[in-house]
Amino acid sequence: MSEAELSPLGKTVSYITEYDPNLLFPIPRIGKRLEIGLSETLPFMGSDIWNGYELSWLNSRGKPQVAIAVFTVPASSPNIIESKSFKLYLNSFNQTKLETREALQNLLQADLSAAAGANISVQLIGPEQFHQQRLAELDGYCIDNLDIEVDQYSPQAGLLKCDSGATTISESLTSNLLKSNCLVTGQPDWASIQISYTGKPINRESLLRYLISFRNHNEFHEQCVERIFVDIQRDCAPMKLAVYARYTRRGGLDINPYRCNFSGPLPTNLRGARQ
C-alpha cells in the first residue's frame, strides 16, 4: 500500500473541532520524483502556494474569528501534506481558543513546517483586508482556441514538439483545459496553467494536446506540475522555463504549484475566476 493510500483521502472521518496537529499526513515527494527520473538534485526550484478559505477559531472570550490563510511550501521540502489531512487539521481549530491571531499563525507555521520537513511561510489575511482581495487570470497567450483533434488522454512521450531551427523567443502560453485526477480517489482536479519560457518556439498545438493528455492521469497537483516541467525541459530544452498551475479549490483549499529553473520572486498569488 502506498503512502497516499494510507492517508485520510477517500475514507469516512469524524471532524475534530479542537486543535490536533497529529491530523497532518505528510507524503514524501521522492517516490514520484524518481518515477519521472529526478534525483535529490532537482532541475527546478519554486513553491506550492496553498490558499485556505475556511479557517476559523475562537478568541479568548469564545467569539469566532475568521481569516484567509496563505501557506507557501518550498519545492525543496521532503514532504507534501495530503490535502484532506490539511483540511481536517485546519478544522481542528474551529472550537480552539487562542489569545491572538499571531498565536494561531505561530502554531500553523510550526506544525506545517514539522510535517513538510522544511520552513513553511504562513500569512493570515483578516476580514479588514478582505476588500483588497481580487481576481486575475494568468498572463500570456491562451492556446485553448486552437482547432485541434485530440485522441490522447494520458501523458505520452513525444507529444511535445518545438521548432529547433527557429530563432530563440521568450513567451508565456496559458490554458484553462488542464484536468487530472486525484491519485487516491480518482476525483477530478481542474486547473489553469501558465508555461513561460525562453528558447526555441514550442509548437502550440502540440502543447495543447500534451496538456489535455493529463485528463485521465492520476497524480497529485504538485506531481503533475513537476511532470509537465520535466517533459517540456526534456523535449524542448528551453534555456529558461517556469510552470505555474492554479487549481480550483476543494474543501476550502486551493493548491498552486510553481516550478522554474531560474532565480526570481514567486508569481503573484491572485485567485482566478474558477477558484
# chains A, B, ... in the order shown; residues from 1 in each chain; ligands from 1
>>> residues_around(residues="Phe220 in chain A", least_positions_apart="2", cutoff="10 Å", atoms="only C-alpha atoms", output="ChimeraX atom specification")
/A:4,32,80,82-83,180-184,189,217-218,222-225,255
>>> residues_around(residues="Asp254 in chain A", least_positions_apart="6", cutoff="12 Å", atoms="only C-alpha atoms", output="number ranges by chain")
A: 48-54, 68-72, 83-84, 86-87, 189-191, 221-222, 245-248, 269-272, 274-275
>>> write_last_selection(atoms="C-alpha atoms", output="PDB file, in the first residue's frame")
ATOM      1  CA  ASP A  48       3.461  25.240  -3.647  1.00  0.00           C
ATOM      2  CA  ILE A  49       1.167  28.124  -2.750  1.00  0.00           C
ATOM      3  CA  TRP A  50      -1.871  26.987  -0.756  1.00  0.00           C
ATOM      4  CA  ASN A  51      -4.832  29.244  -0.014  1.00  0.00           C
ATOM      5  CA  GLY A  52      -7.159  28.289   2.843  1.00  0.00           C
ATOM      6  CA  TYR A  53     -10.594  29.932   2.802  1.00  0.00           C
ATOM      7  CA  GLU A  54     -12.241  28.044   5.684  1.00  0.00           C
ATOM      8  CA  ILE A  68      -7.904  33.546   4.817  1.00  0.00           C
ATOM      9  CA  ALA A  69      -4.581  31.731   5.117  1.00  0.00           C
ATOM     10  CA  VAL A  70      -1.747  31.606   2.574  1.00  0.00           C
ATOM     11  CA  PHE A  71       0.776  28.814   3.012  1.00  0.00           C
ATOM     12  CA  THR A  72       3.979  28.708   0.958  1.00  0.00           C
ATOM     13  CA  SER A  83      -4.851  17.887   1.272  1.00  0.00           C
ATOM     14  CA  LYS A  84      -7.682  16.186   3.190  1.00  0.00           C
ATOM     15  CA  PHE A  86      -4.648  19.578   5.831  1.00  0.00           C
ATOM     16  CA  LYS A  87      -8.370  20.392   5.782  1.00  0.00           C
ATOM     17  CA  ASP A 189      -8.795  18.211 -10.294  1.00  0.00           C
ATOM     18  CA  TRP A 190      -9.233  21.282 -12.514  1.00  0.00           C
ATOM     19  CA  ALA A 191      -6.609  23.922 -13.234  1.00  0.00           C
ATOM     20  CA  HIS A 221      -1.290  18.618  -8.190  1.00  0.00           C
ATOM     21  CA  GLU A 222       2.380  19.107  -7.290  1.00  0.00           C
ATOM     22  CA  ALA A 245      -0.762  25.952 -12.208  1.00  0.00           C
ATOM     23  CA  ARG A 246      -3.755  27.404 -10.386  1.00  0.00           C
ATOM     24  CA  TYR A 247      -6.013  24.546  -9.251  1.00  0.00           C
ATOM     25  CA  THR A 248      -9.625  25.040  -8.241  1.00  0.00           C
ATOM     26  CA  ASN A 269      -0.869  34.848  -5.698  1.00  0.00           C
ATOM     27  CA  LEU A 270      -4.032  36.146  -7.379  1.00  0.00           C
ATOM     28  CA  ARG A 271      -7.121  33.946  -7.427  1.00  0.00           C
ATOM     29  CA  GLY A 272      -8.560  33.027 -10.815  1.00  0.00           C
ATOM     30  CA  ARG A 274     -12.723  29.486 -11.217  1.00  0.00           C
ATOM     31  CA  GLN A 275     -11.032  29.415  -7.831  1.00  0.00           C
TER      32      GLN A 275
END
>>> closest_residue(among="A:Thr174, A:Pro26, A:Ser76, A:Ala118", to="Glu137 in chain A", atoms="only C-alpha atoms")
A:Thr174
>>> closest_residue(among="A:Val243, A:Arg33, A:Thr167, A:Asp147", to="Asn256 in chain A", atoms="only C-alpha atoms")
A:Val243
>>> closest_residue(among="A:Leu160, A:Val122, A:Ile228, A:Leu58", to="Asn106 in chain A", atoms="only C-alpha atoms")
A:Val122
>>> residues_around(residues="Pro64 in chain A", least_positions_apart="5", cutoff="10 Å", atoms="only C-alpha atoms", output="count of residues only")
8
>>> select_by_dssp(residues="range 105-226 of chain A", states="helix (DSSP H, G or I)", output="MDAnalysis selection string")
chainID A and resid 105:116 127:132 204:216 221:226
>>> select_by_dssp(residues="range 81-214 of chain A", states="strand (DSSP E or B)", output="PyMOL selection string")
chain A and resi 81+97+121-125+135+141-142+162+169-181+188-199+202
>>> closest_residue(among="A:Asn176, A:Ser77, A:Thr168, A:Gln152", to="Arg215 in chain A", atoms="only C-alpha atoms")
A:Gln152
>>> closest_residue(among="A:Gln187, A:Asp144, A:Ala242, A:Arg134", to="Ser170 in chain A", atoms="only C-alpha atoms")
A:Ala242
